[in-house]
$ cat entry-v4.txt   # compact mmCIF, C-alpha atoms
# COMPACT_ATOMS: atom_id res chain seq x y z
CA MET E 1049 -46.11 3.47 -16.63
CA ARG E 1050 -47.55 6.89 -16.02
CA SER E 1051 -49.01 7.12 -19.53
CA LEU E 1052 -50.56 3.66 -19.15
CA LEU E 1053 -52.28 4.76 -15.96
CA LEU E 1054 -53.55 7.90 -17.70
CA ILE E 1055 -54.99 5.83 -20.57
CA VAL E 1056 -56.78 3.46 -18.15
CA VAL E 1057 -58.28 6.42 -16.25
CA CYS E 1058 -59.49 8.01 -19.52
CA ILE E 1059 -61.14 4.77 -20.65
CA LEU E 1060 -62.90 4.29 -17.30
CA CYS E 1061 -64.15 7.90 -17.30
CA ARG E 1062 -65.46 7.53 -20.85
CA GLN E 1063 -67.35 4.33 -19.99
CA THR E 1064 -68.88 5.96 -16.90
CA LEU E 1065 -70.07 8.96 -18.92
CA LEU E 1066 -71.53 6.73 -21.63
CA ALA E 1067 -73.38 4.58 -19.08
CA GLN E 1068 -75.01 7.67 -17.56
CA GLY E 1069 -76.36 8.76 -20.95
CA GLU E 1070 -77.73 5.33 -21.90
CA ARG E 1071 -81.45 4.79 -22.21
CA LYS E 1072 -83.40 1.59 -21.72
CA GLU E 1073 -85.87 1.14 -24.58
CA PHE E 1074 -88.96 -1.06 -24.92
CA ASP E 1075 -91.19 -2.01 -27.85
CA PHE E 1076 -94.37 -0.37 -26.61
CA ILE E 1077 -97.30 0.51 -28.88
CA ILE E 1078 -100.12 2.75 -27.68
CA SER E 1079 -103.41 2.91 -29.57
CA ILE E 1080 -106.11 5.42 -28.60
CA ASP E 1081 -109.57 4.71 -30.00
CA GLY E 1082 -108.02 2.69 -32.82
CA GLU E 1083 -105.52 5.42 -33.80
CA LEU E 1084 -101.77 5.44 -33.26
CA PRO E 1085 -100.91 8.78 -31.67
CA LYS E 1086 -97.90 10.44 -33.24
CA SER E 1087 -96.98 12.12 -29.98
CA LEU E 1088 -97.88 12.03 -26.33
CA TYR E 1089 -97.38 15.03 -24.10
CA ASN E 1090 -95.55 14.90 -20.81
CA PRO E 1091 -95.22 11.08 -20.61
CA GLN E 1092 -94.16 9.97 -17.13
CA VAL E 1093 -94.00 6.90 -14.96
CA LEU E 1094 -94.98 7.56 -11.35
CA MET E 1095 -93.75 5.35 -8.52
CA GLU E 1096 -96.14 5.75 -5.59
CA ASN E 1097 -96.42 4.27 -2.14
CA ASP E 1098 -97.92 5.56 1.11
CA ASP E 1099 -94.88 7.67 1.97
CA ASN E 1100 -93.67 9.22 -1.25
CA ARG E 1101 -94.00 9.68 -4.98
CA LYS E 1102 -91.23 9.65 -7.55
CA VAL E 1103 -91.76 11.03 -11.06
CA MET E 1104 -89.73 9.57 -13.92
CA ASN E 1105 -89.87 11.37 -17.25
CA VAL E 1106 -89.95 8.94 -20.16
CA SER E 1107 -89.74 9.33 -23.92
CA TYR E 1108 -92.30 7.91 -26.29
CA TYR E 1109 -92.60 7.76 -30.04
CA PRO E 1110 -94.85 5.30 -31.85
CA GLY E 1111 -93.62 1.84 -30.95
CA ARG E 1112 -90.92 2.86 -28.46
CA LEU E 1113 -90.92 3.78 -24.76
CA SER E 1114 -87.61 4.66 -23.15
CA PHE E 1115 -86.27 5.43 -19.68
CA SER E 1116 -82.99 6.86 -18.50
CA HIS E 1117 -80.68 4.15 -17.22
CA ASP E 1118 -80.95 5.43 -13.63
CA ASP E 1119 -84.76 5.56 -13.71
CA TYR E 1120 -84.93 2.02 -15.08
CA VAL E 1121 -82.65 0.73 -12.31
CA SER E 1122 -84.81 2.58 -9.77
CA LEU E 1123 -87.96 1.01 -11.25
CA LEU E 1124 -86.53 -2.52 -11.05
CA SER E 1125 -85.24 -2.07 -7.52
CA SER E 1126 -88.49 -0.61 -6.16
CA GLN E 1127 -90.28 -2.55 -3.46
CA LYS E 1128 -93.30 -4.74 -4.15
CA GLY E 1129 -95.80 -2.35 -2.49
CA VAL E 1130 -94.95 0.47 -4.91
CA LYS E 1131 -97.62 1.29 -7.48
CA LEU E 1132 -96.37 2.11 -11.01
CA ILE E 1133 -98.49 4.44 -13.13
CA LEU E 1134 -97.99 5.44 -16.75
CA LYS E 1135 -99.28 9.00 -17.10
CA PHE E 1136 -99.54 11.13 -20.23
CA ASP E 1137 -101.69 13.66 -22.07
CA TYR E 1138 -103.07 13.21 -25.56
CA TYR E 1139 -104.38 16.08 -27.68
CA GLU E 1140 -107.23 15.16 -29.98
CA TYR E 1141 -107.96 17.59 -32.80
CA ALA E 1142 -111.50 17.82 -34.13
CA ALA E 1143 -113.20 19.80 -36.85
CA LYS E 1144 -112.93 23.59 -36.88
CA GLY E 1145 -109.60 23.54 -35.04
CA GLN E 1146 -111.09 22.41 -31.75
CA ARG E 1147 -108.73 20.56 -29.44
CA LYS E 1148 -109.64 18.20 -26.63
CA ILE E 1149 -107.06 17.13 -24.07
CA HIS E 1150 -107.29 13.62 -22.64
CA ASN E 1151 -105.35 12.80 -19.47
CA TYR E 1152 -104.52 9.14 -18.98
CA GLU E 1153 -103.20 7.35 -15.90
CA ILE E 1154 -102.78 3.61 -16.30
CA GLU E 1155 -101.42 1.34 -13.62
CA ILE E 1156 -98.65 -0.81 -15.05
CA GLY E 1157 -96.78 -3.85 -13.80
CA ARG E 1158 -93.06 -4.45 -13.55
CA ASN E 1159 -93.55 -7.61 -15.63
CA TRP E 1160 -94.58 -5.43 -18.60
CA PHE E 1161 -90.90 -4.65 -19.08
CA ASP E 1162 -90.00 -8.34 -19.25
CA GLN E 1163 -92.08 -8.78 -22.42
CA SER E 1164 -90.61 -8.49 -25.92
CA TYR E 1165 -93.44 -6.07 -26.78
CA ILE E 1166 -96.58 -4.52 -25.30
CA ILE E 1167 -99.64 -3.20 -27.14
CA LEU E 1168 -101.77 -0.89 -25.00
CA LYS E 1169 -105.20 -0.16 -26.51
CA ILE E 1170 -107.07 2.69 -24.82
CA TYR E 1171 -110.79 3.26 -25.43
CA ASN E 1172 -112.71 6.37 -24.42
CA SER E 1173 -116.16 5.38 -23.21
CA ALA E 1174 -117.74 8.54 -24.68
CA LYS E 1175 -116.89 7.33 -28.19
CA LYS E 1176 -118.72 4.31 -29.49
CA ARG E 1177 -117.59 4.07 -33.12
CA GLY E 1178 -119.66 0.95 -33.61
CA ARG E 1179 -118.23 -0.77 -30.52
CA LYS E 1180 -120.19 -2.18 -27.64
CA LYS E 1181 -120.53 0.10 -24.64
CA LEU E 1182 -117.37 -0.03 -22.56
CA HIS E 1183 -117.10 -0.18 -18.81
CA PRO E 1184 -114.69 2.60 -17.83
CA LEU E 1185 -112.16 2.09 -15.04
CA SER E 1186 -113.59 3.39 -11.73
CA GLU E 1187 -114.08 7.18 -12.04
CA LYS E 1188 -112.23 7.40 -15.34
CA ASP E 1189 -113.95 7.85 -18.71
CA TYR E 1190 -111.74 5.29 -20.44
CA THR E 1191 -110.67 1.68 -20.26
CA PHE E 1192 -107.86 -0.31 -21.86
CA ASP E 1193 -106.82 -3.69 -23.17
CA LEU E 1194 -103.31 -5.06 -23.12
CA GLU E 1195 -101.67 -7.49 -25.53
CA TYR E 1196 -98.27 -9.12 -25.15
CA PRO E 1197 -96.60 -12.28 -26.44
CA GLY E 1198 -98.54 -15.28 -25.25
CA GLY E 1199 -101.47 -13.45 -23.69
CA SER E 1200 -103.70 -10.47 -23.23
CA MET E 1201 -105.70 -8.64 -20.60
CA LEU E 1202 -109.15 -7.57 -21.73
CA HIS E 1203 -111.49 -5.41 -19.68
CA VAL E 1204 -115.15 -6.32 -19.38
CA GLN E 1205 -117.50 -5.01 -22.05
CA GLU E 1206 -121.29 -5.11 -22.21

$ encode --input "entry-v4.txt" --output "structure tokens"
Amino acid sequence: MRSLLLIVVCILCRQTLLAQGERKEFDFIISIDGELPKSLYNPQVLMENDDNRKVMNVSYYPGRLSFSHDDYVSLLSSQKGVKLILKFDYYEYAAKGQRKIHNYEIEIGRNWFDQSYIILKIYNSAKKRGRKKLHPLSEKDYTFDLEYPGGSMLHVQE
């Protein structure tokens, strides 16, 4: 009887430890000016309301965004008035070894994580590359489009 109890305790402890290390992953593609970035620096999701701000570190590699299990539960259980922001830095390398750092902050919706995939296309308004002039978001020098199964969200262009 004692050994059976010990086995049950070991199994429960193992499952608890595994659940804490689990990550929630999403099919999430980010395109910046028509290019797929190989890496993003310091990707985070911010949960903001009037009283406080919570920072959740996330992992991203092309096509995959992942949260820790606890952060994902926190995101789903957040109140409706909480603003969710995807924040990351992107390093663009130009000729002669010059590097330009772009900082992006994009408000996201909880429903994004209900989709089977998300394609986020970011456009810098300083770059035309044959495109029509873009209307940047408020004070930002970029805008974005969003595609998901069954729909899309396109920002106004001239």

$ closest_residue --input "entry-v4.txt" --among "E:Asp1098, E:Asp1119, E:Glu1070, E:Asp1193" --to "Gly1082 of chain E" --atoms "only C-alpha atoms"
E:Asp1193

$ closest_residue --input "entry-v4.txt" --among "E:Lys1086, E:Lys1169, E:Arg1158, E:His1150" --to "Lys1188 of chain E" --atoms "only C-alpha atoms"
E:His1150

$ closest_residue --input "entry-v4.txt" --among "E:Ser1079, E:Gln1146, E:Ser1200, E:Asn1159" --to "Leu1124 of chain E" --atoms "only C-alpha atoms"
E:Asn1159

$ residues_near_point --input "entry-v4.txt" --point "(-98.0, -10.3, -22.4)" --cutoff "8 Å" --atoms "all atoms listed in the file" --output "list in words"
Trp1160, Gln1163, Tyr1165, Ile1166, Leu1194, Glu1195, Tyr1196, Pro1197, Gly1198, Gly1199 and Ser1200 of chain E

$ write_last_selection --input "entry-v4.txt" --atoms "C-alpha atoms" --output "CSV table (one decimal), in the frame of the given file"
chain,number,residue,atom,x,y,z
E,1160,TRP,CA,-94.6,-5.4,-18.6
E,1163,GLN,CA,-92.1,-8.8,-22.4
E,1165,TYR,CA,-93.4,-6.1,-26.8
E,1166,ILE,CA,-96.6,-4.5,-25.3
E,1194,LEU,CA,-103.3,-5.1,-23.1
E,1195,GLU,CA,-101.7,-7.5,-25.5
E,1196,TYR,CA,-98.3,-9.1,-25.2
E,1197,PRO,CA,-96.6,-12.3,-26.4
E,1198,GLY,CA,-98.5,-15.3,-25.2
E,1199,GLY,CA,-101.5,-13.4,-23.7
E,1200,SER,CA,-103.7,-10.5,-23.2

$ closest_residue --input "entry-v4.txt" --among "E:Tyr1089, E:Tyr1139, E:Tyr1152, E:Phe1074" --to "Phe1115 of chain E" --atoms "all atoms listed in the file"
E:Phe1074

$ closest_residue --input "entry-v4.txt" --among "E:Leu1202, E:Ala1142, E:Leu1123, E:Val1130" --to "Tyr1171 of chain E" --atoms "only C-alpha atoms"
E:Leu1202

$ atom_distance --input "entry-v4.txt" --atom1 "atom CA of Phe1136 of chain E" --atom2 "atom CA of Arg1071 of chain E"
19.3 Å

$ closest_residue --input "entry-v4.txt" --among "E:Gly1145, E:Pro1085, E:Pro1110, E:Pro1091" --to "Ile1170 of chain E" --atoms "only C-alpha atoms"
E:Pro1085

$ residues_around --input "entry-v4.txt" --residues "Ile1133 of chain E" --least-positions-apart "2" --cutoff "9 Å" --atoms "only C-alpha atoms" --output "list in words"
Gln1092, Val1093, Leu1094, Met1095, Glu1096, Lys1131, Lys1135, Glu1153, Ile1154, Glu1155, Ile1156 and Gly1157 of chain E

$ atom_distance --input "entry-v4.txt" --atom1 "atom CA of Ser1126 of chain E" --atom2 "atom CA of Tyr1190 of chain E"
27.9 Å

$ atom_distance --input "entry-v4.txt" --atom1 "atom CA of Asp1081 of chain E" --atom2 "atom CA of Tyr1141 of chain E"
13.3 Å
